[in-house]
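Enquirer: Attaching a single structure in structure tokens format; questions to follow.
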Amino acid sequence: MREADSAMKNPAAPALPEELPADPRQPDGHGYPGLNVPPGLRPGMPRNTMTTSPVEYVDEPLKVLAGALPPDLQGHVFVAGPSVHAGSPALASDGLVLRLDFLGGGAKFTSATMRTPSYYARQSVDAGATARGPLTRYLNQFRDTTLADVSLTLGVQETPNTAPFLVEGEKMLLVTTDAGRPWAIHPKTLEAYTPLGYRREWKTAIPAPWAFPLLQSTAHPAFDPEPAQPISPESPNQQRPRLFFTNHGPKWPLGAGYTQLVSWDTWENRLHHWKLIDAATGKPVVTASLHQIAATRDYVILLDSNFPINFWQIASQAVAPWLPGSKRLVEWLTAEPSYPQAVFWVVRRADLRPSPGTMDAEDPPAIMAHRFQSGGGGLHFAAVYENPDDVITLVAGHSPTEDLSHSLEEGELLINGNRVQDWQVGMPTAVPVTRSSLGVHKIDMKRLRIQSALYSHDDFTWGLTVFSNAGLVNGELETHLRMNHTPVNEVVPREELALYFNSDGFTADMVPEALYQLYKPIVGDRDSLPIQEGRAASFFKFYVHSGRFEGYVLPTGWFGFAPQFVPSARFPAVSHWKGYVVALVVSDPTPDLPADSTGDEVWIFDSQDIAKGPICRLGSRNFDIGMTLHTTFLPTGLLAELDGHDPNQAPYRVDVEKDFDLEEIEKTYLEWPETLLPRVPRALFAPWRLGVRWALNFPKLREVLEQDVYPHFPKRR
């Protein structure tokens, strides 16, 4: 077969060069030299990290700034993150999605803001559409808080801004968040068109009557990479659950918390819930945060992660936004450190049998979950899909002092004696106060025990925050290739199984003194920290079975985000685990930058030799993206297939007008106290009903929904 015929094919895909590279078994860029990149303006966080252009671009060209773009780098990298600007908490910012297109030896990008019903409603409410006067405007307006934007009367803005994720059943490309439902987007326009599940199919994290409730889920769902299968020979029309996420609520001052594992039925387009019970104690499982989960052939694993929610902090930010000093005082008086160990909960997939009862979000059936802990806290992990002899292999990034519950505030004292500057305000405190490690864990489900090996590297494991896409480990890449009609016919050799990471390094300008004091019992004396010299950011490759590190330390003044592995388009001539790492980087403008660079660039690495540095730098005068979070890769042919998918004719689409039906919303508000105190005579709640009608101004709220929300989400034709 000729090389041009062996590419990841689609009739519309551009032809590849006929010339073979020097080694036909390696990607074309394998022989390209690494580039020498001048340092940035200064050590620490670049100012550009907290700036994002509000302009949305379509097919905007990316120019080669240095090096060469390999011809076999083809396909599409989707990137999700917050649309940041200094002064507002980054993690609560509106969602931004980028698509990087690599086709025919060129590159371009498209960007879009994620607009949900609460996004559109907020624009009108904040402009005073529902206000009767200053007091009701104050009550209804949305306010920035560390983890979500909150209105005292209307609830929480749903902001998909964390990770893109492809669902095979409906061929839906989702964008996720921790504080809301996953939202499907059109892969061509990047427009958000439907959430996964109606509001009534979810249990709220806080039992408030809000029109826009707080729904907590998993920013990184888990997906079975194997094709759909019947749940059993006796149930040939019932699908074995394949897509998993969570519906949970942490313990808070007025609630005990709960944890549910949820699956999406891709045949019937329904959510199924199971309440988790601790197999050792028989008590309900209550978690602080479930940022990521993973699936193996026989198990689902949940990580209780370093993403604690301080309700007192959020309440003070929402109630008194004009008193930053009091907000900071409330926060640090009520703050608690993250749990020092990673806690994994393991559920047997055989127990996940859908039934009519599992469609009840409020009181679903209970299943057992087994608890294991090891390694130190963390946010991200991956699970090897196969679990031979019931032994699960996990790879986790452990940062026991990483804490995303705080964002930098102007004037705040830092660990080096400096104060937070205005351009830093809103940046999450994502830099751990200790050196991190990577843990390879073996969970033996027959003997119910865990064995762990921890690996650290002074160049690479300071500041493990954003975990790279784990497609080679969890089977996601193989699934995308199969959906593209180019299935792989071999497994990654044991010695080649690896993940790609970025590290923020250590910079004292991102560590508040109060955060250090919170974790001082774990960190110890500050003399052990590289406060003056710091540690640079890096990209690296970690080999799962040998614990070996290979990587590239970024020049001073550069930060990196979201590395994504992309296979060579000459697959299968080149093995599917060989190719490129595409990464977004940020620095501040200097005279040493190429003419078309804003300081925000796309760097291309040879996946087989990251240490030599980038082989290509891409940029544009219009490329201004700031911090980003997570990524995924789609082959060219697969995107072309999804692009023909009209969201108005999609197999699944929530009717937003029914989802936000004002009559039902008004009824929920008016009857809410009666659900809490059912024995109290209804007449005693008359003042509540009068107050709610006055504060919410339902006739004006109806106008907002009918004029400013519903038209953006037309019904399925």
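Note on naming: chains are A, B, ... as they come in the structure tokens, residues start from 1 per chain, ligands start from 1 in the order shown.
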Quick check for you: according to DSSP on this backbone, which residues of region 14-187 of chain A are classed as strand (DSSP E or B)? Reply as number ranges by chain.
Expert: A: 51, 60-67, 75-82, 85, 95-103, 106-113, 142-144, 149-151, 155-156, 163-167, 172-176, 183-185
Enquirer: Excluding region 183-188 of chain A and its own-chain neighbours fewer than 5 positions away, which residues fall within 7 Å of it when counting only C-alpha atoms? Please give them as a PyMOL selection string.
Expert: chain A and resi 160+172-176+193-196+642-643+647
Enquirer: Grab the residues selected above and save them as a short mmCIF file (atom, residue, chain, number, x, y, z; two decimals), in the first residue's frame with N, CA, C and O atoms.
Expert:
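Written out: out_22.cif:
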data_model
loop_
_atom_site.label_atom_id
_atom_site.label_comp_id
_atom_site.auth_asym_id
_atom_site.auth_seq_id
_atom_site.Cartn_x
_atom_site.Cartn_y
_atom_site.Cartn_z
N PRO A 160 -19.73 25.49 30.80
CA PRO A 160 -18.84 24.44 30.33
C PRO A 160 -17.51 25.04 29.89
O PRO A 160 -17.43 25.75 28.90
N MET A 172 -21.76 12.71 19.75
CA MET A 172 -21.86 14.03 20.35
C MET A 172 -20.51 14.43 20.91
O MET A 172 -19.86 13.65 21.62
N LEU A 173 -20.08 15.65 20.60
CA LEU A 173 -18.87 16.21 21.19
C LEU A 173 -19.30 17.07 22.36
O LEU A 173 -19.99 18.08 22.20
N LEU A 174 -18.91 16.66 23.56
CA LEU A 174 -19.31 17.35 24.78
C LEU A 174 -18.22 18.29 25.26
O LEU A 174 -17.03 18.06 25.02
N VAL A 175 -18.63 19.32 25.99
CA VAL A 175 -17.72 20.13 26.78
C VAL A 175 -18.24 20.10 28.21
O VAL A 175 -19.44 20.31 28.46
N THR A 176 -17.36 19.86 29.17
CA THR A 176 -17.77 19.56 30.53
C THR A 176 -17.38 20.66 31.51
O THR A 176 -16.61 21.57 31.18
N TYR A 193 -25.41 23.36 21.95
CA TYR A 193 -26.81 23.25 21.55
C TYR A 193 -27.68 22.41 22.47
O TYR A 193 -28.90 22.51 22.42
N THR A 194 -27.10 21.55 23.32
CA THR A 194 -27.96 20.81 24.25
C THR A 194 -27.15 20.32 25.44
O THR A 194 -25.99 19.91 25.30
N PRO A 195 -27.75 20.35 26.64
CA PRO A 195 -27.12 19.68 27.77
C PRO A 195 -27.42 18.19 27.71
O PRO A 195 -28.31 17.74 26.97
N LEU A 196 -26.72 17.43 28.49
CA LEU A 196 -26.99 16.00 28.61
C LEU A 196 -27.95 15.81 29.79
O LEU A 196 -27.56 15.93 30.95
N LEU A 642 -18.79 14.25 11.54
CA LEU A 642 -19.56 14.95 12.55
C LEU A 642 -20.05 16.30 12.04
O LEU A 642 -21.10 16.78 12.45
N ASP A 643 -19.29 16.93 11.14
CA ASP A 643 -19.69 18.23 10.61
C ASP A 643 -21.00 18.15 9.83
O ASP A 643 -21.73 19.13 9.73
N PRO A 647 -27.26 19.90 14.37
CA PRO A 647 -27.73 19.78 15.75
C PRO A 647 -29.25 19.86 15.88
O PRO A 647 -29.82 19.33 16.82
#
Enquirer: My list of candidates is A:Pro354, A:Pro714, A:Pro530, A:Pro400. Which is closest to Gln649 (chain A) when distances are computed with only C-alpha atoms?
Expert: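 Closest to Gln649 (chain A), using only C-alpha atoms: A:Pro714.
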Enquirer: Go through A:Ile522, A:Val384, A:Ala342, A:Val602 one by one, measure the shortest atom-to-atom distance of each to Ala562 (chain A) using only C-alpha atoms, and give the residue with the smallest value.
Expert: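 Nearest candidate to Ala562 (chain A) out of A:Ile522, A:Val384, A:Ala342, A:Val602: A:Val602.
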Enquirer: Name the residues in contact with Leu215 (chain A) at a cut-off of 6 Å, using only C-alpha atoms, excluding same-chain residues fewer than 5 positions from it; report them as a PyMOL selection string.
Expert: chain A and resi 179-180+204-205
Enquirer: Considering only C-alpha atoms, return as a PyMOL selection string whatever protein or nucleic-acid residues lie within 12 Å of Gly471 (chain A), sequence-local ones (same chain, fewer than 3 positions apart) excluded.
Expert: chain A and resi 165-166+222-225+294+381-385+467-468+474-481+492+497-500+563-567+576-577+631-634
Enquirer: For Ala121 (chain A), which residue out of A:Phe212, A:Asp458, A:Leu35, A:Gly397 is the nearest one, using only C-alpha atoms?
Expert: A:Phe212
Enquirer: Rounded to one decimal, what separation in Å do you get between CA of Gly551 (chain A) and CA of Ser607 (chain A)?
Expert: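 Separation between CA of Gly551 (chain A) and CA of Ser607 (chain A): 10.0 Å.
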Enquirer: With only C-alpha atoms as the atoms that count, which of A:Gly249, A:Gly439, A:Pro673, A:Pro233 lies nearest to Pro213 (chain A)?
Expert: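 The shortest atom-to-atom distance to Pro213 (chain A) comes from A:Gly249.
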Enquirer: So which bits of region 608-641 of chain A end up alpha helix (DSSP H) when you DSSP the backbone, as a compact mmCIF listing (two decimals) with all heavy atoms, in the first residue's frame?
Expert:
# COMPACT_ATOMS: atom_id res chain seq x y z
N THR A 636 -9.14 13.69 10.90
CA THR A 636 -9.78 14.53 9.88
C THR A 636 -11.09 13.95 9.38
O THR A 636 -12.11 14.63 9.30
CB THR A 636 -8.82 14.72 8.69
OG1 THR A 636 -7.60 15.28 9.18
CG2 THR A 636 -9.43 15.63 7.65
N GLY A 637 -11.10 12.68 9.04
CA GLY A 637 -12.30 12.07 8.50
C GLY A 637 -13.43 12.03 9.49
O GLY A 637 -14.61 12.20 9.13
N LEU A 638 -13.12 11.85 10.77
CA LEU A 638 -14.17 11.79 11.78
C LEU A 638 -14.82 13.16 11.94
O LEU A 638 -16.05 13.26 12.06
CB LEU A 638 -13.59 11.32 13.11
CG LEU A 638 -14.57 11.19 14.28
CD1 LEU A 638 -15.73 10.29 13.92
CD2 LEU A 638 -13.85 10.66 15.52
N LEU A 639 -14.04 14.21 11.92
CA LEU A 639 -14.64 15.54 12.03
C LEU A 639 -15.54 15.82 10.84
O LEU A 639 -16.62 16.39 10.99
CB LEU A 639 -13.56 16.62 12.12
CG LEU A 639 -14.13 18.03 12.30
CD1 LEU A 639 -14.74 18.20 13.67
CD2 LEU A 639 -13.06 19.08 12.06
N ALA A 640 -15.10 15.41 9.65
CA ALA A 640 -15.94 15.62 8.47
C ALA A 640 -17.28 14.91 8.63
O ALA A 640 -18.33 15.44 8.24
CB ALA A 640 -15.21 15.12 7.23
N GLU A 641 -17.28 13.75 9.23
CA GLU A 641 -18.53 13.01 9.45
C GLU A 641 -19.41 13.72 10.47
O GLU A 641 -20.62 13.83 10.31
CB GLU A 641 -18.21 11.60 9.93
CG GLU A 641 -19.42 10.70 10.07
CD GLU A 641 -19.04 9.27 10.39
OE1 GLU A 641 -17.90 8.87 10.07
OE2 GLU A 641 -19.88 8.56 10.96
Enquirer: Take CA of Trp202 (chain A) and CA of Arg689 (chain A) and report the distance between them in Å, one decimal.
Expert: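 One can read the CA of Trp202 (chain A) to CA of Arg689 (chain A) distance as 25.6 Å.
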Enquirer: Got a sec: who's within 8 Å of Val84 (chain A), counting only C-alpha atoms, leaving out chain neighbours fewer than 5 positions off, as a PDB file with C-alpha atoms, in the first residue's frame?
Expert:
ATOM      1  CA  MET A  50      -4.956  35.983  32.426  1.00  0.00           C
ATOM      2  CA  THR A  51      -5.941  37.555  29.085  1.00  0.00           C
ATOM      3  CA  THR A  52      -8.253  36.081  26.454  1.00  0.00           C
ATOM      4  CA  PRO A  89     -11.848  34.163  39.044  1.00  0.00           C
ATOM      5  CA  ALA A  90     -10.501  32.125  36.148  1.00  0.00           C
ATOM      6  CA  SER A  93     -15.180  32.404  33.715  1.00  0.00           C
ATOM      7  CA  ASP A  94     -17.258  31.787  30.601  1.00  0.00           C
ATOM      8  CA  GLY A 626      -4.492  32.838  27.980  1.00  0.00           C
ATOM      9  CA  MET A 627      -4.792  29.802  30.236  1.00  0.00           C
TER      10      MET A 627
END
Enquirer: Hey, what's within 7 Å of region 609-615 of chain A if we count only C-alpha atoms and toss same-chain stuff fewer than 3 positions away? As a list in words, please?
Expert: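 So, after excluding close chain neighbours, the residues are Tyr32, Pro33, Gly34, Leu35, Gly67, Ala68, Phe540, Glu550, Gly551, Tyr552, Trp603, Ile604, Phe605 and Asp606 of chain A.
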